[in-house]
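Written below as structure tokens is the structure these notes are about.
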Amino acid sequence: MIIVEGMDNTGKTTLVTLLAKEFNLRVRKTPQEYITDPVKLLDWTNAELEYVDNVASIYDRFPLISEEVYGPIIRGSNVFQGRPEFQGWADKHSALIIYCRPSLERILDFKDREQMTGVLTHAKGLISEYDRVIYLYRLQGCGVVLYNYTHFDAYQRARSAVEQHLSR
């Protein structure tokens, strides 16, 4: 299970596209209409956790991470909080998390790109929360790779991590 995570405007989709093409991975993304529907989001996530072990996939965000960041800040709650069936999911599915994290200035340079409601208002808080959540995954022993597209060797480092992960 390969997950590319990070705040809006951090290079996730570009990285997912490149890695998917190079490694012949199926790109998976939460359907937009499920993000604000807790029942559909829970059902979709459960189905994906069953699916992921059977197909080489790369996720452009995964709800068990992104909801932990966006849910409380944007919607006031995390639909997965307090649900024991999701504890230890990253370890169980051998998740490799690639955290897209360029500089704060780069992230906040949204230009005229449309953003989900609340993202612009809460951008600094979302970035801070992403940093905290990813740090906790790293502390739990999850494979976490930092990706900053402004660094010359960023893609090569992400690529190497994916190659190593897939060879297990």
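We name chains A, B, ... following the order of the structure tokens; residues begin at 1 in each chain, and ligands are numbered from 1 as shown.
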
All alpha helix (DSSP H) positions in chain A, as a VMD selection string: chain A and resid 12 to 23 38 to 51 63 to 70 89 to 92 104 to 108 123 to 139 154 to 166

Got time to write the residues from that selection, C-alpha atoms, as a PDB file, in the first residue's frame?
```
ATOM      1  CA  LYS A  12       0.853  14.945  -4.619  1.00  0.00           C
ATOM      2  CA  THR A  13      -1.034  14.383  -7.842  1.00  0.00           C
ATOM      3  CA  THR A  14       2.021  14.991 -10.014  1.00  0.00           C
ATOM      4  CA  LEU A  15       4.048  12.525  -7.939  1.00  0.00           C
ATOM      5  CA  VAL A  16       1.256   9.928  -7.980  1.00  0.00           C
ATOM      6  CA  THR A  17       0.989  10.214 -11.766  1.00  0.00           C
ATOM      7  CA  LEU A  18       4.750   9.757 -12.271  1.00  0.00           C
ATOM      8  CA  LEU A  19       5.072   6.818  -9.878  1.00  0.00           C
ATOM      9  CA  ALA A  20       1.941   5.100 -11.191  1.00  0.00           C
ATOM     10  CA  LYS A  21       3.229   5.259 -14.726  1.00  0.00           C
ATOM     11  CA  GLU A  22       6.747   4.110 -13.855  1.00  0.00           C
ATOM     12  CA  PHE A  23       5.679   1.192 -11.652  1.00  0.00           C
ATOM     13  CA  PRO A  38     -19.383   9.701   6.860  1.00  0.00           C
ATOM     14  CA  VAL A  39     -21.228   6.482   6.025  1.00  0.00           C
ATOM     15  CA  LYS A  40     -19.952   6.358   2.437  1.00  0.00           C
ATOM     16  CA  LEU A  41     -16.432   7.295   3.593  1.00  0.00           C
ATOM     17  CA  LEU A  42     -16.384   4.475   6.165  1.00  0.00           C
ATOM     18  CA  ASP A  43     -17.721   1.953   3.643  1.00  0.00           C
ATOM     19  CA  TRP A  44     -15.286   3.020   0.920  1.00  0.00           C
ATOM     20  CA  THR A  45     -12.314   2.894   3.302  1.00  0.00           C
ATOM     21  CA  ASN A  46     -13.242  -0.590   4.543  1.00  0.00           C
ATOM     22  CA  ALA A  47     -13.564  -1.805   0.957  1.00  0.00           C
ATOM     23  CA  GLU A  48     -10.201  -0.268   0.032  1.00  0.00           C
ATOM     24  CA  LEU A  49      -8.447  -1.969   2.948  1.00  0.00           C
ATOM     25  CA  GLU A  50      -9.709  -5.296   1.612  1.00  0.00           C
ATOM     26  CA  TYR A  51      -8.830  -4.399  -1.988  1.00  0.00           C
ATOM     27  CA  PRO A  63      -8.920   8.841   4.336  1.00  0.00           C
ATOM     28  CA  LEU A  64      -7.388   7.306   7.456  1.00  0.00           C
ATOM     29  CA  ILE A  65      -4.661   9.950   7.268  1.00  0.00           C
ATOM     30  CA  SER A  66      -6.276  12.908   5.539  1.00  0.00           C
ATOM     31  CA  GLU A  67      -9.480  12.722   7.590  1.00  0.00           C
ATOM     32  CA  GLU A  68      -7.362  12.901  10.739  1.00  0.00           C
ATOM     33  CA  VAL A  69      -6.117  16.277   9.487  1.00  0.00           C
ATOM     34  CA  TYR A  70      -9.012  17.790   7.543  1.00  0.00           C
ATOM     35  CA  TRP A  89      -4.168  -0.337   9.735  1.00  0.00           C
ATOM     36  CA  ALA A  90      -0.926   1.120   8.340  1.00  0.00           C
ATOM     37  CA  ASP A  91       1.217  -1.630   9.835  1.00  0.00           C
ATOM     38  CA  LYS A  92      -1.243  -4.364   8.910  1.00  0.00           C
ATOM     39  CA  LEU A 104       5.417  26.787   3.935  1.00  0.00           C
ATOM     40  CA  GLU A 105       5.789  29.631   1.428  1.00  0.00           C
ATOM     41  CA  ARG A 106       5.491  27.205  -1.502  1.00  0.00           C
ATOM     42  CA  ILE A 107       2.388  25.531  -0.085  1.00  0.00           C
ATOM     43  CA  LEU A 108       0.660  28.823   0.660  1.00  0.00           C
ATOM     44  CA  ALA A 123      -4.093  26.491   5.628  1.00  0.00           C
ATOM     45  CA  LYS A 124      -1.448  27.063   8.308  1.00  0.00           C
ATOM     46  CA  GLY A 125      -3.373  24.958  10.824  1.00  0.00           C
ATOM     47  CA  LEU A 126      -3.790  22.152   8.275  1.00  0.00           C
ATOM     48  CA  ILE A 127      -0.067  22.152   7.498  1.00  0.00           C
ATOM     49  CA  SER A 128       0.796  22.073  11.182  1.00  0.00           C
ATOM     50  CA  GLU A 129      -1.640  19.234  11.797  1.00  0.00           C
ATOM     51  CA  TYR A 130      -0.271  17.260   8.839  1.00  0.00           C
ATOM     52  CA  ASP A 131       3.240  17.647  10.267  1.00  0.00           C
ATOM     53  CA  ARG A 132       2.014  16.336  13.632  1.00  0.00           C
ATOM     54  CA  VAL A 133       0.032  13.402  12.216  1.00  0.00           C
ATOM     55  CA  ILE A 134       2.829  12.254   9.915  1.00  0.00           C
ATOM     56  CA  TYR A 135       5.312  12.526  12.779  1.00  0.00           C
ATOM     57  CA  LEU A 136       3.087  10.203  14.834  1.00  0.00           C
ATOM     58  CA  TYR A 137       2.974   7.646  11.997  1.00  0.00           C
ATOM     59  CA  ARG A 138       6.750   7.796  11.826  1.00  0.00           C
ATOM     60  CA  LEU A 139       6.982   7.263  15.615  1.00  0.00           C
ATOM     61  CA  ALA A 154      13.252  14.390  -4.425  1.00  0.00           C
ATOM     62  CA  TYR A 155      11.775  12.209  -7.149  1.00  0.00           C
ATOM     63  CA  GLN A 156      14.698   9.794  -7.084  1.00  0.00           C
ATOM     64  CA  ARG A 157      14.348   9.348  -3.320  1.00  0.00           C
ATOM     65  CA  ALA A 158      10.592   8.738  -3.591  1.00  0.00           C
ATOM     66  CA  ARG A 159      11.136   6.390  -6.515  1.00  0.00           C
ATOM     67  CA  SER A 160      13.736   4.381  -4.594  1.00  0.00           C
ATOM     68  CA  ALA A 161      11.420   4.063  -1.604  1.00  0.00           C
ATOM     69  CA  VAL A 162       8.604   2.789  -3.823  1.00  0.00           C
ATOM     70  CA  GLU A 163      10.906   0.352  -5.618  1.00  0.00           C
ATOM     71  CA  GLN A 164      12.148  -1.019  -2.295  1.00  0.00           C
ATOM     72  CA  HIS A 165       8.600  -1.231  -0.929  1.00  0.00           C
ATOM     73  CA  LEU A 166       7.326  -3.131  -3.955  1.00  0.00           C
TER      74      LEU A 166
END
```

Strand (DSSP E or B) per DSSP on the backbone: members of chain A, as JSON, numbers by chain: {"A": [2, 3, 4, 5, 26, 27, 28, 57, 58, 59, 60, 96, 97, 98, 99, 100, 143, 144, 145, 146, 147]}

Those residues you just picked out, can you put them in a file as a JSON list (two decimals), in the first residue's frame with N, CA and C atoms?
```json
[["chain", "number", "residue", "atom", "x", "y", "z"],
["A", 2, "ILE", "N", 0.77, 2.03, -1.03],
["A", 2, "ILE", "CA", 1.55, 3.27, -1.15],
["A", 2, "ILE", "C", 0.58, 4.43, -1.10],
["A", 3, "ILE", "N", 0.85, 5.36, -0.19],
["A", 3, "ILE", "CA", -0.03, 6.51, 0.01],
["A", 3, "ILE", "C", 0.79, 7.78, -0.14],
["A", 4, "VAL", "N", 0.33, 8.67, -0.99],
["A", 4, "VAL", "CA", 0.95, 9.98, -1.13],
["A", 4, "VAL", "C", 0.03, 10.97, -0.44],
["A", 5, "GLU", "N", 0.54, 11.59, 0.59],
["A", 5, "GLU", "CA", -0.26, 12.48, 1.44],
["A", 5, "GLU", "C", 0.36, 13.86, 1.50],
["A", 26, "ARG", "N", -2.03, 1.06, -9.98],
["A", 26, "ARG", "CA", -3.39, 1.57, -10.15],
["A", 26, "ARG", "C", -3.57, 2.77, -9.21],
["A", 27, "VAL", "N", -4.01, 3.89, -9.75],
["A", 27, "VAL", "CA", -4.22, 5.10, -8.95],
["A", 27, "VAL", "C", -5.61, 5.02, -8.30],
["A", 28, "ARG", "N", -5.61, 5.24, -6.99],
["A", 28, "ARG", "CA", -6.85, 5.22, -6.22],
["A", 28, "ARG", "C", -7.01, 6.55, -5.51],
["A", 57, "SER", "N", -1.35, -0.70, -5.90],
["A", 57, "SER", "CA", -2.04, 0.58, -5.99],
["A", 57, "SER", "C", -1.25, 1.69, -5.33],
["A", 58, "ILE", "N", -1.54, 2.91, -5.77],
["A", 58, "ILE", "CA", -0.99, 4.10, -5.14],
["A", 58, "ILE", "C", -2.17, 5.04, -4.88],
["A", 59, "TYR", "N", -2.22, 5.57, -3.68],
["A", 59, "TYR", "CA", -3.33, 6.43, -3.27],
["A", 59, "TYR", "C", -2.91, 7.89, -3.28],
["A", 60, "ASP", "N", -3.73, 8.69, -3.92],
["A", 60, "ASP", "CA", -3.60, 10.14, -3.87],
["A", 60, "ASP", "C", -4.44, 10.57, -2.67],
["A", 96, "LEU", "N", 3.39, 2.38, 2.90],
["A", 96, "LEU", "CA", 4.48, 3.33, 2.67],
["A", 96, "LEU", "C", 3.79, 4.67, 2.49],
["A", 97, "ILE", "N", 4.14, 5.62, 3.33],
["A", 97, "ILE", "CA", 3.53, 6.95, 3.26],
["A", 97, "ILE", "C", 4.57, 7.92, 2.72],
["A", 98, "ILE", "N", 4.25, 8.55, 1.62],
["A", 98, "ILE", "CA", 5.11, 9.59, 1.07],
["A", 98, "ILE", "C", 4.44, 10.92, 1.40],
["A", 99, "TYR", "N", 5.11, 11.66, 2.26],
["A", 99, "TYR", "CA", 4.55, 12.93, 2.75],
["A", 99, "TYR", "C", 5.11, 14.07, 1.92],
["A", 100, "CYS", "N", 4.25, 14.69, 1.14],
["A", 100, "CYS", "CA", 4.64, 15.83, 0.30],
["A", 100, "CYS", "C", 4.67, 17.08, 1.17],
["A", 143, "GLY", "N", 6.59, 3.26, 7.52],
["A", 143, "GLY", "CA", 7.51, 3.77, 6.53],
["A", 143, "GLY", "C", 7.02, 5.11, 6.03],
["A", 144, "VAL", "N", 7.78, 6.15, 6.34],
["A", 144, "VAL", "CA", 7.42, 7.51, 5.92],
["A", 144, "VAL", "C", 8.60, 8.11, 5.17],
["A", 145, "VAL", "N", 8.33, 8.64, 3.99],
["A", 145, "VAL", "CA", 9.33, 9.30, 3.18],
["A", 145, "VAL", "C", 8.89, 10.74, 2.97],
["A", 146, "LEU", "N", 9.78, 11.66, 3.22],
["A", 146, "LEU", "CA", 9.49, 13.08, 3.01],
["A", 146, "LEU", "C", 9.80, 13.43, 1.56],
["A", 147, "TYR", "N", 8.86, 14.12, 0.90],
["A", 147, "TYR", "CA", 9.03, 14.51, -0.50],
["A", 147, "TYR", "C", 8.83, 16.01, -0.63]]
```

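One distance worth recording is that between CA of Asp112 in chain A and CA of Gly6 in chain A, which is 19.2 Å.
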
Separation of CA of Leu120 in chain A from CA of Asp153 in chain A, in Å and rounded to one decimal: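 These two atoms are separated by 29.3 Å.
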
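With only C-alpha atoms as the atoms that count, the residue of A:Asn78, A:Ile73, A:Gln87, A:Arg61 with the shortest distance to Gly118 in chain A is A:Ile73.
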
Proximity to His122 in chain A - best of A:Val55, A:Leu25, A:Met1, A:Met7, only C-alpha atoms: A:Met7
